[in-house]
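*Asks:* My structure file start27.cif, mmCIF, C-alpha atoms, is below:
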data_work
#
loop_
_atom_site.group_PDB
_atom_site.id
_atom_site.type_symbol
_atom_site.label_atom_id
_atom_site.label_comp_id
_atom_site.auth_asym_id
_atom_site.auth_seq_id
_atom_site.Cartn_x
_atom_site.Cartn_y
_atom_site.Cartn_z
ATOM 1 C CA MET H 249 8.960 -35.126 -7.967
ATOM 2 C CA GLU H 250 5.856 -34.352 -5.882
ATOM 3 C CA ASN H 251 4.245 -30.998 -6.609
ATOM 4 C CA LYS H 252 3.963 -28.669 -3.608
ATOM 5 C CA ASP H 253 1.054 -26.532 -2.423
ATOM 6 C CA PHE H 254 2.888 -23.248 -1.880
ATOM 7 C CA ASN H 255 1.150 -20.325 -0.206
ATOM 8 C CA TYR H 256 2.508 -17.418 -2.231
ATOM 9 C CA ILE H 257 4.376 -18.728 -5.261
ATOM 10 C CA TYR H 258 2.945 -20.749 -8.146
ATOM 11 C CA GLY H 259 4.061 -22.323 -11.386
ATOM 12 C CA PRO H 260 6.180 -22.006 -13.311
ATOM 13 C CA VAL H 261 3.407 -21.479 -15.861
ATOM 14 C CA PRO H 262 3.740 -21.163 -19.649
ATOM 15 C CA SER H 263 3.119 -17.475 -20.309
ATOM 16 C CA TRP H 264 2.573 -16.180 -23.838
ATOM 17 C CA ARG H 265 4.098 -12.897 -22.647
ATOM 18 C CA LEU H 266 6.863 -14.015 -20.285
ATOM 19 C CA GLY H 267 7.949 -17.502 -21.312
ATOM 20 C CA SER H 268 8.425 -19.716 -18.251
ATOM 21 C CA SER H 269 6.978 -17.572 -15.462
ATOM 22 C CA LEU H 270 7.139 -18.295 -11.735
ATOM 23 C CA GLY H 271 4.319 -16.337 -10.143
ATOM 24 C CA ILE H 272 4.456 -14.515 -6.830
ATOM 25 C CA ASP H 273 1.343 -13.367 -5.013
ATOM 26 C CA PRO H 274 2.439 -10.569 -2.625
ATOM 27 C CA LEU H 275 -1.065 -10.176 -1.179
ATOM 28 C CA SER H 276 -2.873 -13.376 -0.285
ATOM 29 C CA ASN H 277 -3.222 -17.113 -0.703
ATOM 30 C CA GLU H 278 -7.016 -16.988 -0.465
ATOM 31 C CA ASP H 279 -8.996 -13.751 -0.964
ATOM 32 C CA LYS H 280 -8.801 -11.622 -4.094
ATOM 33 C CA ILE H 281 -7.521 -8.191 -3.031
ATOM 34 C CA CYS H 282 -7.751 -5.575 -5.766
ATOM 35 C CA SER H 283 -8.544 -1.990 -6.751
ATOM 36 C CA PHE H 284 -10.474 -3.267 -9.797
ATOM 37 C CA ASP H 285 -13.322 -5.737 -10.219
ATOM 38 C CA CYS H 286 -12.865 -6.489 -13.915
ATOM 39 C CA ILE H 287 -15.800 -8.236 -15.570
ATOM 40 C CA TYR H 288 -13.443 -10.687 -17.322
ATOM 41 C CA CYS H 289 -11.263 -11.673 -14.346
ATOM 42 C CA GLN H 290 -10.610 -15.428 -14.307
ATOM 43 C CA ILE H 291 -10.219 -15.353 -10.509
ATOM 44 C CA GLY H 292 -13.745 -14.041 -9.987
ATOM 45 C CA LYS H 293 -15.124 -11.117 -8.006
ATOM 46 C CA THR H 294 -12.946 -8.926 -5.823
ATOM 47 C CA VAL H 295 -13.380 -9.814 -2.145
ATOM 48 C CA VAL H 296 -11.283 -7.012 -0.626
ATOM 49 C CA PHE H 297 -11.946 -3.905 -2.745
ATOM 50 C CA THR H 298 -9.299 -1.384 -1.707
ATOM 51 C CA LEU H 299 -6.611 1.168 -2.499
ATOM 52 C CA GLU H 300 -4.853 0.682 0.830
ATOM 53 C CA ARG H 301 -1.162 -0.116 0.531
ATOM 54 C CA LYS H 302 0.113 -2.216 3.393
ATOM 55 C CA ILE H 303 2.236 -5.266 4.079
ATOM 56 C CA TYR H 304 -0.018 -8.209 3.300
ATOM 57 C CA VAL H 305 2.726 -10.861 3.121
ATOM 58 C CA TRP H 306 6.174 -10.553 4.682
ATOM 59 C CA THR H 307 9.074 -10.502 2.207
ATOM 60 C CA GLU H 308 10.805 -13.302 4.153
ATOM 61 C CA GLU H 309 7.848 -15.636 3.515
ATOM 62 C CA ILE H 310 8.187 -15.172 -0.241
ATOM 63 C CA ILE H 311 11.946 -15.717 -0.222
ATOM 64 C CA LYS H 312 11.593 -18.808 1.980
ATOM 65 C CA GLU H 313 9.275 -20.427 -0.561
ATOM 66 C CA ILE H 314 11.472 -19.511 -3.538
ATOM 67 C CA LYS H 315 14.527 -20.957 -1.796
ATOM 68 C CA SER H 316 12.675 -24.243 -1.339
ATOM 69 C CA LEU H 317 12.282 -24.657 -5.106
ATOM 70 C CA PRO H 318 14.203 -27.307 -7.004
ATOM 71 C CA SER H 319 16.271 -26.107 -9.959
ATOM 72 C CA VAL H 320 13.850 -25.440 -12.835
ATOM 73 C CA PRO H 321 14.125 -23.220 -15.935
ATOM 74 C CA ILE H 322 12.515 -19.823 -15.247
ATOM 75 C CA ASP H 323 12.545 -16.767 -17.543
ATOM 76 C CA TYR H 324 10.738 -14.371 -15.197
ATOM 77 C CA ILE H 325 9.716 -14.271 -11.565
ATOM 78 C CA THR H 326 6.423 -12.427 -11.890
ATOM 79 C CA PHE H 327 4.507 -10.463 -9.255
ATOM 80 C CA SER H 328 0.816 -10.919 -9.975
ATOM 81 C CA GLY H 329 -1.489 -13.374 -8.175
ATOM 82 C CA ARG H 330 -4.961 -12.883 -6.740
ATOM 83 C CA GLY H 331 -5.182 -9.109 -7.066
ATOM 84 C CA GLU H 332 -3.201 -5.925 -7.676
ATOM 85 C CA PRO H 333 0.451 -6.446 -6.632
ATOM 86 C CA THR H 334 1.236 -2.745 -6.184
ATOM 87 C CA LEU H 335 -1.053 -2.770 -3.127
ATOM 88 C CA ALA H 336 1.845 -4.498 -1.353
ATOM 89 C CA LYS H 337 3.703 -1.748 0.485
ATOM 90 C CA ASN H 338 6.848 -3.897 0.599
ATOM 91 C CA LEU H 339 6.858 -4.552 -3.161
ATOM 92 C CA TRP H 340 10.233 -2.798 -3.683
ATOM 93 C CA TYR H 341 11.823 -4.940 -0.962
ATOM 94 C CA MET H 342 10.315 -8.084 -2.467
ATOM 95 C CA ILE H 343 11.640 -7.272 -5.936
ATOM 96 C CA LYS H 344 15.104 -6.467 -4.595
ATOM 97 C CA ALA H 345 15.171 -9.621 -2.459
ATOM 98 C CA VAL H 346 14.149 -11.784 -5.423
ATOM 99 C CA LYS H 347 16.752 -10.159 -7.672
ATOM 100 C CA SER H 348 19.450 -10.840 -5.092
ATOM 101 C CA LEU H 349 18.784 -14.592 -5.555
ATOM 102 C CA ASP H 350 19.903 -14.206 -9.191
ATOM 103 C CA ILE H 351 17.473 -16.840 -10.484
ATOM 104 C CA ALA H 352 15.666 -14.918 -13.244
ATOM 105 C CA LYS H 353 14.528 -11.484 -14.332
ATOM 106 C CA THR H 354 11.652 -9.858 -12.448
ATOM 107 C CA ALA H 355 8.311 -8.725 -13.849
ATOM 108 C CA VAL H 356 5.249 -7.016 -12.368
ATOM 109 C CA ILE H 357 1.793 -7.233 -13.921
ATOM 110 C CA THR H 358 -0.221 -4.216 -12.766
ATOM 111 C CA ASN H 359 -3.663 -2.795 -13.503
ATOM 112 C CA SER H 360 -2.111 0.727 -13.513
ATOM 113 C CA SER H 361 -4.518 2.043 -10.860
ATOM 114 C CA LEU H 362 -1.804 3.158 -8.420
ATOM 115 C CA LEU H 363 0.748 4.529 -10.894
ATOM 116 C CA HIS H 364 -0.320 8.082 -10.021
ATOM 117 C CA LYS H 365 1.374 7.516 -6.645
ATOM 118 C CA GLU H 366 5.066 8.436 -6.674
ATOM 119 C CA GLU H 367 5.894 5.729 -4.119
ATOM 120 C CA VAL H 368 4.401 3.048 -6.385
ATOM 121 C CA ARG H 369 6.300 4.249 -9.437
ATOM 122 C CA LYS H 370 9.528 4.185 -7.396
ATOM 123 C CA ASP H 371 8.806 0.617 -6.294
ATOM 124 C CA LEU H 372 8.297 -0.503 -9.890
ATOM 125 C CA LEU H 373 11.584 1.051 -11.032
ATOM 126 C CA ALA H 374 13.278 -1.976 -9.424
ATOM 127 C CA ALA H 375 11.607 -4.460 -11.820
ATOM 128 C CA ASP H 376 13.110 -5.565 -15.134
ATOM 129 C CA PHE H 377 9.737 -5.715 -16.900
ATOM 130 C CA VAL H 378 6.456 -3.969 -16.077
ATOM 131 C CA VAL H 379 3.232 -5.015 -17.795
ATOM 132 C CA ALA H 380 0.622 -2.282 -17.293
ATOM 133 C CA LYS H 381 -3.083 -2.568 -18.080
ATOM 134 C CA LEU H 382 -4.956 -0.176 -20.386
ATOM 135 C CA ASP H 383 -8.377 -1.560 -21.383
ATOM 136 C CA ALA H 384 -10.197 1.747 -21.756
ATOM 137 C CA ASP H 385 -10.189 5.011 -23.679
ATOM 138 C CA SER H 386 -12.541 6.899 -21.344
ATOM 139 C CA GLN H 387 -14.058 6.970 -17.867
ATOM 140 C CA GLU H 388 -17.197 5.314 -19.225
ATOM 141 C CA THR H 389 -15.306 2.318 -20.618
ATOM 142 C CA LEU H 390 -13.142 2.033 -17.495
ATOM 143 C CA SER H 391 -16.240 1.906 -15.287
ATOM 144 C CA GLN H 392 -17.949 -0.606 -17.552
ATOM 145 C CA ILE H 393 -15.064 -3.071 -17.885
ATOM 146 C CA ASN H 394 -12.624 -2.598 -15.004
ATOM 147 C CA LYS H 395 -15.020 -1.315 -12.310
ATOM 148 C CA PRO H 396 -12.376 0.480 -10.209
ATOM 149 C CA VAL H 397 -12.716 1.755 -6.650
ATOM 150 C CA LYS H 398 -14.466 5.125 -6.761
ATOM 151 C CA GLU H 399 -11.281 7.170 -6.196
ATOM 152 C CA ILE H 400 -9.685 5.903 -9.421
ATOM 153 C CA THR H 401 -10.483 7.742 -12.638
ATOM 154 C CA PHE H 402 -9.374 7.230 -16.224
ATOM 155 C CA ASP H 403 -7.484 10.544 -16.203
ATOM 156 C CA LEU H 404 -5.639 9.511 -13.033
ATOM 157 C CA ILE H 405 -4.575 6.219 -14.639
ATOM 158 C CA LEU H 406 -3.447 7.951 -17.830
ATOM 159 C CA ASP H 407 -1.437 10.513 -15.868
ATOM 160 C CA GLY H 408 0.240 7.761 -13.862
ATOM 161 C CA LEU H 409 1.113 5.782 -16.984
ATOM 162 C CA LYS H 410 2.658 8.813 -18.662
ATOM 163 C CA LYS H 411 4.727 9.693 -15.604
ATOM 164 C CA PHE H 412 5.927 6.118 -15.244
ATOM 165 C CA ARG H 413 6.835 5.882 -18.924
ATOM 166 C CA ALA H 414 9.018 8.995 -18.498
ATOM 167 C CA GLU H 415 10.788 7.590 -15.419
ATOM 168 C CA TYR H 416 11.195 3.901 -16.158
ATOM 169 C CA THR H 417 14.270 2.561 -17.959
ATOM 170 C CA GLY H 418 13.273 -1.122 -17.979
ATOM 171 C CA LYS H 419 10.949 -2.870 -20.441
ATOM 172 C CA LEU H 420 7.384 -1.538 -20.408
ATOM 173 C CA ALA H 421 4.425 -3.274 -22.019
ATOM 174 C CA LEU H 422 0.829 -2.152 -22.276
ATOM 175 C CA GLN H 423 -1.563 -5.074 -21.872
ATOM 176 C CA ILE H 424 -5.012 -4.586 -23.378
ATOM 177 C CA MET H 425 -7.842 -7.055 -22.852
ATOM 178 C CA PHE H 426 -10.302 -6.786 -25.722
ATOM 179 C CA ILE H 427 -13.872 -8.004 -25.322
ATOM 180 C CA LYS H 428 -17.125 -6.994 -26.981
ATOM 181 C CA GLU H 429 -17.502 -4.004 -24.625
ATOM 182 C CA ASN H 430 -14.317 -2.259 -25.841
ATOM 183 C CA LYS H 431 -13.545 -3.729 -29.271
ATOM 184 C CA ASP H 432 -14.966 -0.619 -30.960
ATOM 185 C CA LYS H 433 -12.577 1.500 -28.834
ATOM 186 C CA ALA H 434 -9.487 -0.173 -30.320
ATOM 187 C CA GLU H 435 -8.549 2.751 -32.573
ATOM 188 C CA ASN H 436 -8.731 5.234 -29.690
ATOM 189 C CA ILE H 437 -6.760 2.948 -27.368
ATOM 190 C CA ALA H 438 -4.137 2.531 -30.103
ATOM 191 C CA LYS H 439 -3.747 6.313 -30.317
ATOM 192 C CA ILE H 440 -3.162 6.491 -26.561
ATOM 193 C CA ALA H 441 -0.663 3.638 -26.810
ATOM 194 C CA ARG H 442 1.303 5.458 -29.530
ATOM 195 C CA GLU H 443 1.562 8.534 -27.319
ATOM 196 C CA MET H 444 2.820 6.294 -24.502
ATOM 197 C CA ASN H 445 5.383 4.635 -26.774
ATOM 198 C CA PRO H 446 5.723 1.365 -24.805
ATOM 199 C CA ASP H 447 8.345 -1.235 -25.689
ATOM 200 C CA GLU H 448 5.565 -3.741 -26.353
ATOM 201 C CA VAL H 449 1.788 -3.895 -26.804
ATOM 202 C CA GLN H 450 0.060 -7.086 -25.657
ATOM 203 C CA ILE H 451 -3.295 -7.722 -27.344
ATOM 204 C CA ASN H 452 -5.326 -10.093 -25.201
ATOM 205 C CA THR H 453 -8.807 -11.619 -25.040
ATOM 206 C CA PRO H 454 -10.015 -13.913 -22.214
ATOM 207 C CA LEU H 455 -9.098 -17.454 -23.285
ATOM 208 C CA ARG H 456 -9.066 -18.765 -19.704
ATOM 209 C CA PRO H 457 -12.459 -19.727 -18.189
ATOM 210 C CA CYS H 458 -14.427 -16.671 -17.028
ATOM 211 C CA LYS H 459 -17.857 -15.077 -17.429
ATOM 212 C CA VAL H 460 -16.900 -13.153 -20.584
ATOM 213 C CA LYS H 461 -16.542 -14.710 -24.023
ATOM 214 C CA PRO H 462 -13.293 -14.141 -25.938
ATOM 215 C CA LEU H 463 -13.241 -12.379 -29.271
ATOM 216 C CA PRO H 464 -12.612 -14.678 -32.232
ATOM 217 C CA ARG H 465 -9.161 -14.760 -33.833
ATOM 218 C CA GLU H 466 -10.301 -12.729 -36.865
ATOM 219 C CA GLU H 467 -11.508 -9.819 -34.705
ATOM 220 C CA VAL H 468 -8.309 -9.802 -32.653
ATOM 221 C CA GLU H 469 -6.277 -9.756 -35.887
ATOM 222 C CA GLU H 470 -8.351 -6.783 -37.100
ATOM 223 C CA ILE H 471 -7.795 -4.975 -33.778
ATOM 224 C CA SER H 472 -4.036 -5.617 -33.995
ATOM 225 C CA GLY H 473 -4.037 -3.676 -37.266
ATOM 226 C CA TYR H 474 -4.714 -0.427 -35.388
ATOM 227 C CA PHE H 475 -1.389 -0.911 -33.604
ATOM 228 C CA LYS H 476 0.579 -1.387 -36.815
ATOM 229 C CA GLY H 477 4.170 -0.151 -36.560
ATOM 230 C CA MET H 478 4.335 -0.874 -32.824
ATOM 231 C CA ASN H 479 5.883 -3.984 -31.283
ATOM 232 C CA VAL H 480 2.674 -6.027 -30.957
ATOM 233 C CA ILE H 481 2.162 -9.543 -29.637
ATOM 234 C CA SER H 482 -1.235 -11.239 -29.612
ATOM 235 C CA VAL H 483 -2.570 -14.010 -27.404
ATOM 236 C CA TYR H 484 -3.630 -15.941 -30.517
ATOM 237 C CA GLU H 485 -0.281 -15.604 -32.280
ATOM 238 C CA ALA H 486 2.281 -15.903 -29.476
ATOM 239 C CA LYS H 487 3.799 -19.316 -28.833
ATOM 240 C CA LYS H 488 3.935 -20.753 -25.329
ATOM 241 C CA LYS H 489 6.862 -22.702 -23.958
ATOM 242 C CA GLU H 490 6.352 -26.199 -22.652
ATOM 243 C CA VAL H 491 6.596 -25.742 -18.892
ATOM 244 C CA LYS H 492 6.050 -28.276 -16.116
ATOM 245 C CA PRO H 493 4.689 -26.628 -12.938
ATOM 246 C CA ILE H 494 6.126 -27.667 -9.600
ATOM 247 C CA SER H 495 3.282 -26.215 -7.557
ATOM 248 C CA ALA H 496 0.169 -28.323 -6.939
ATOM 249 C CA GLU H 497 -2.830 -27.989 -9.257
ATOM 250 C CA LYS H 498 -4.987 -26.446 -6.518
ATOM 251 C CA THR H 499 -2.348 -23.718 -6.108
ATOM 252 C CA LEU H 500 -2.646 -22.915 -9.824
ATOM 253 C CA ILE H 501 -6.440 -22.997 -9.670
ATOM 254 C CA ARG H 502 -6.441 -20.393 -6.854
ATOM 255 C CA ARG H 503 -4.535 -18.059 -9.187
ATOM 256 C CA GLY H 504 -6.740 -18.729 -12.218
ATOM 257 C CA LYS H 505 -3.949 -20.519 -14.102
ATOM 258 C CA VAL H 506 -5.864 -23.733 -14.839
#
Just give me the structure of the file as C-alpha cells.

*Replies:*
Amino acid sequence: MENKDFNYIYGPVPSWRLGSSLGIDPLSNEDKICSFDCIYCQIGKTVVFTLERKIYVWTEEIIKEIKSLPSVPIDYITFSGRGEPTLAKNLWYMIKAVKSLDIAKTAVITNSSLLHKEEVRKDLLAADFVVAKLDADSQETLSQINKPVKEITFDLILDGLKKFRAEYTGKLALQIMFIKENKDKAENIAKIAREMNPDEVQINTPLRPCKVKPLPREEVEEISGYFKGMNVISVYEAKKKEVKPISAEKTLIRRGKV
C-alpha cells in the first residue's frame, strides 16, 4: 500500500502515551502556529505567534482525509500537529465530527495557554482524553522554557488548569517536559500536580531531535520519585506499540514525528 501525503492528518504513530495515534493538525500543513515558542520543540521556532482563535482548517477537510483512510488499528485520534490545537475556533465541531465516525477515542494535546478561556474549556469537554502541559512552577520558568505570548502568565495557566480539572469528566493528564532548565523545579511542579489531581502524570524529556539535550534515564527516574503515589508514566519506561504509518514520511517530518 502506497503511503499518502495528507495535508492535515498524519500517522498513525507509535505514541508512548496514546498507543496507536492518528494525528490531526487543525491549524496548518506548513507553518507552526502557536502561543508558545518552547525551547525544546522538535518542530522548531514558532512562525505565527498568536492567541487568536479562528478557523484555520475547515472541519470538512479533516473529515474528508480521515474517510480516505484504509482500515488500520487506531487507539486515539489526536489533535496536535504544528502548533497549539485550541487556537482552532472550530475544535469542538472537529472533535464531534471525528467522534461521529466511531473509529477511535479522541485526544487533544494542549499547552494549556488558552484554558483560562471558558469557550476553550467547553470545546475540550467533548474530547475523551486531554493531555495538558505544565513545564513550569513560576513565571520565570515559564518565560525561560515555554516563551509564551506576552498576554499569557503562569497564574493564568494555573487558573485555567484548575477550572478545567473541576469541569472535565474525561481522562486528564499533565504532561511535563523536563530538561536541565527545570529539573530542579520537579518537587514544586509535583506539588502543583498533586493539587490538580490529574488521572495521569506524563514525565517527558526530549528524545526526538531538537536543540535541547534530553535528561539521562537516571535523572528522569529521580524526578519521577517526586510524583510517587500518583499515576505516573515516563518516556523512558513506557512501551510503544509497533505501528505502521500510512502517511508519507515527509508528512511525519513536518509534524516532528521522525

*Asks:* Between H:Gly477, H:Pro457, H:Pro333, H:Pro396, which residue has the minimum interatomic distance to Asp371 (chain H), considering all atoms listed in the file?

*Replies:*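 Of H:Gly477, H:Pro457, H:Pro333, H:Pro396, the one nearest Asp371 (chain H) is H:Pro333, counting all atoms listed in the file.
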
*Asks:* Taking all atoms listed in the file into account, name the residue in H:Asp376, H:Asp350, H:Asp407, H:Glu470 that is nearest to His364 (chain H).

*Replies:*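 Closest residue, counting all atoms listed in the file: H:Asp407.
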
*Asks:* Would you please work out which residue, of H:Leu363, H:Ile471, H:Ile393, H:Met444, is nearest to Leu420 (chain H) when using all atoms listed in the file?

*Replies:* H:Met444

*Asks:* Which residues, written as a ChimeraX atom specification, have at least one atom at most 9 Å from Arg265 (chain H), with all atoms listed in the file counted and residues fewer than 3 positions away on the same chain left out?

*Replies:* /H:262,450,481-483,486-488

*Asks:* Between CA of Tyr484 (chain H) and CA of Leu266 (chain H), what is the spacing in Å?

*Replies:* 14.8 Å

*Asks:* Taking (5.4, -11.5, -10.1) in the coordinates of the supplied file, I want to know which residues reach to within 6 Å of it, counting only C-alpha atoms; could you give the answer as a PyMOL selection string?

*Replies:* chain H and resi 271-272+325-328+355-356

*Asks:* Of the residues H:Tyr416, H:Tyr288, H:Phe254, H:Tyr304, which is the one nearest to Asp447 (chain H), using only C-alpha atoms?

*Replies:*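 Ranking H:Tyr416, H:Tyr288, H:Phe254, H:Tyr304 by distance to Asp447 (chain H), first place goes to H:Tyr416.
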
*Asks:* Show which residues sit within 10 Å of Ile440 (chain H), as a list in words. Count all atoms listed in the file, and ignore same-chain residues fewer than 5 positions away.

*Replies:*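 Listing them by chain and then by number gives Leu382, Ala384, Asp385, Leu406, Ala434, Glu435 and Asn445 of chain H.
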
*Asks:* Which polymer residues have any atom within 10 Å of an atom of Lys344 (chain H), counting all atoms listed in the file, with same-chain residues fewer than 5 positions away left out, as a CSV table (one decimal) with C-alpha atoms, keeping the file's coordinate frame?

*Replies:*
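Written output follows (out-v2.csv):
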chain,number,residue,atom,x,y,z
H,307,THR,CA,9.1,-10.5,2.2
H,339,LEU,CA,6.9,-4.6,-3.2
H,349,LEU,CA,18.8,-14.6,-5.6
H,354,THR,CA,11.7,-9.9,-12.4
H,371,ASP,CA,8.8,0.6,-6.3
H,374,ALA,CA,13.3,-2.0,-9.4
H,375,ALA,CA,11.6,-4.5,-11.8

*Asks:* Tell me which of H:Leu455, H:Ser391, H:Asn359, H:Gly331 sits closest to Ala421 (chain H), counting all atoms listed in the file.

*Replies:*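 Closest candidate: H:Asn359.
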
*Asks:* Considering all atoms listed in the file, state which residue in the set H:Ile351, H:Phe284, H:Glu467, H:Lys461 is at the smallest distance from Gln392 (chain H).

*Replies:* H:Phe284

*Asks:* May I ask for the distance between CA of Lys347 (chain H) and CA of Ile310 (chain H), given in Å to one decimal place?

*Replies:*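 One can read the CA of Lys347 (chain H) to CA of Ile310 (chain H) distance as 12.4 Å.
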
*Asks:* Report, as lines of an AutoDock Vina configuration file, the axis-aligned box around all atoms of region 274-289 of chain H present in the file, extended by 5 Å on each side; give centre and edge lengths in Å to one decimal place.

*Replies:*
center_x = -6.7
center_y = -9.6
center_z = -8.8
size_x = 28.2
size_y = 25.1
size_z = 27.0

*Asks:* Taking the file as I've supplied it (selection: the PyMOL selection byres ((chain H and resi 297) around 10)), which residues are included? Please answer as number ranges by chain.

*Replies:* H: 280-285, 293-296, 298-300, 331, 396-397

*Asks:* Quick check, in Å to one decimal: how far apart do CA of Tyr341 (chain H) and CA of Ile405 (chain H) lie?

*Replies:*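 About the pair CA of Tyr341 (chain H) and CA of Ile405 (chain H): they are 24.1 Å apart.
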
*Asks:* Pull out every residue that the PyMOL selection byres ((chain H and resi 380) around 6) matches in the shown coordinates and put them as a PDB file with C-alpha atoms, in the coordinates of the input.

*Replies:*
ATOM      1  CA  THR H 358      -0.221  -4.216 -12.766  1.00  0.00           C
ATOM      2  CA  ASN H 359      -3.663  -2.795 -13.503  1.00  0.00           C
ATOM      3  CA  SER H 360      -2.111   0.727 -13.513  1.00  0.00           C
ATOM      4  CA  VAL H 379       3.232  -5.015 -17.795  1.00  0.00           C
ATOM      5  CA  LYS H 381      -3.083  -2.568 -18.080  1.00  0.00           C
ATOM      6  CA  LEU H 422       0.829  -2.152 -22.276  1.00  0.00           C
ATOM      7  CA  GLN H 423      -1.563  -5.074 -21.872  1.00  0.00           C
TER       8      GLN H 423
END

*Asks:* Please work out which residues fall within 9 Å of (6.2, -17.4, -10.1), coordinates as given in the file, with only C-alpha atoms counting, and return them as a PyMOL selection string.

*Replies:* chain H and resi 256-261+268-273+314+322+324-329

*Asks:* Would you output that residue set with C-alpha atoms, as a CSV table (one decimal), in the frame of the given file?

*Replies:*
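Listed below is the output, out38.csv:
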chain,number,residue,atom,x,y,z
H,256,TYR,CA,2.5,-17.4,-2.2
H,257,ILE,CA,4.4,-18.7,-5.3
H,258,TYR,CA,2.9,-20.7,-8.1
H,259,GLY,CA,4.1,-22.3,-11.4
H,260,PRO,CA,6.2,-22.0,-13.3
H,261,VAL,CA,3.4,-21.5,-15.9
H,268,SER,CA,8.4,-19.7,-18.3
H,269,SER,CA,7.0,-17.6,-15.5
H,270,LEU,CA,7.1,-18.3,-11.7
H,271,GLY,CA,4.3,-16.3,-10.1
H,272,ILE,CA,4.5,-14.5,-6.8
H,273,ASP,CA,1.3,-13.4,-5.0
H,314,ILE,CA,11.5,-19.5,-3.5
H,322,ILE,CA,12.5,-19.8,-15.2
H,324,TYR,CA,10.7,-14.4,-15.2
H,325,ILE,CA,9.7,-14.3,-11.6
H,326,THR,CA,6.4,-12.4,-11.9
H,327,PHE,CA,4.5,-10.5,-9.3
H,328,SER,CA,0.8,-10.9,-10.0
H,329,GLY,CA,-1.5,-13.4,-8.2

*Asks:* Reconstruct region 289-305 of chain H at the level of N, CA and C atoms, and format the result as a compact mmCIF listing (two decimals), keeping the file's coordinate frame.

*Replies:*
# COMPACT_ATOMS: atom_id res chain seq x y z
N CYS H 289 -12.30 -11.07 -15.19
CA CYS H 289 -11.26 -11.67 -14.35
C CYS H 289 -11.50 -13.16 -14.14
N GLN H 290 -10.47 -13.98 -14.44
CA GLN H 290 -10.61 -15.43 -14.31
C GLN H 290 -10.62 -15.89 -12.86
N ILE H 291 -10.24 -14.99 -11.93
CA ILE H 291 -10.22 -15.35 -10.51
C ILE H 291 -11.59 -15.13 -9.88
N GLY H 292 -12.42 -14.32 -10.52
CA GLY H 292 -13.74 -14.04 -9.99
C GLY H 292 -13.84 -12.66 -9.37
N LYS H 293 -14.86 -12.43 -8.57
CA LYS H 293 -15.12 -11.12 -8.01
C LYS H 293 -14.10 -10.75 -6.95
N THR H 294 -13.85 -9.44 -6.84
CA THR H 294 -12.95 -8.93 -5.82
C THR H 294 -13.60 -9.05 -4.45
N VAL H 295 -12.87 -9.64 -3.50
CA VAL H 295 -13.38 -9.81 -2.14
C VAL H 295 -13.02 -8.60 -1.29
N VAL H 296 -11.75 -8.20 -1.35
CA VAL H 296 -11.28 -7.01 -0.63
C VAL H 296 -11.03 -5.92 -1.66
N PHE H 297 -11.95 -4.97 -1.73
CA PHE H 297 -11.95 -3.90 -2.74
C PHE H 297 -11.30 -2.68 -2.12
N THR H 298 -10.04 -2.38 -2.48
CA THR H 298 -9.30 -1.38 -1.71
C THR H 298 -8.22 -0.69 -2.52
N LEU H 299 -7.79 0.46 -1.99
CA LEU H 299 -6.61 1.17 -2.50
C LEU H 299 -5.54 1.25 -1.42
N GLU H 300 -5.77 0.58 -0.30
CA GLU H 300 -4.85 0.68 0.83
C GLU H 300 -3.59 -0.13 0.58
N ARG H 301 -2.46 0.56 0.62
CA ARG H 301 -1.16 -0.12 0.53
C ARG H 301 -0.71 -0.50 1.94
N LYS H 302 -0.41 -1.76 2.11
CA LYS H 302 0.11 -2.22 3.39
C LYS H 302 0.88 -3.51 3.16
N ILE H 303 1.53 -4.00 4.19
CA ILE H 303 2.24 -5.27 4.08
C ILE H 303 1.22 -6.38 4.30
N TYR H 304 0.92 -7.10 3.23
CA TYR H 304 -0.02 -8.21 3.30
C TYR H 304 0.71 -9.52 3.57
N VAL H 305 1.90 -9.67 2.96
CA VAL H 305 2.73 -10.86 3.12
C VAL H 305 4.16 -10.40 3.38
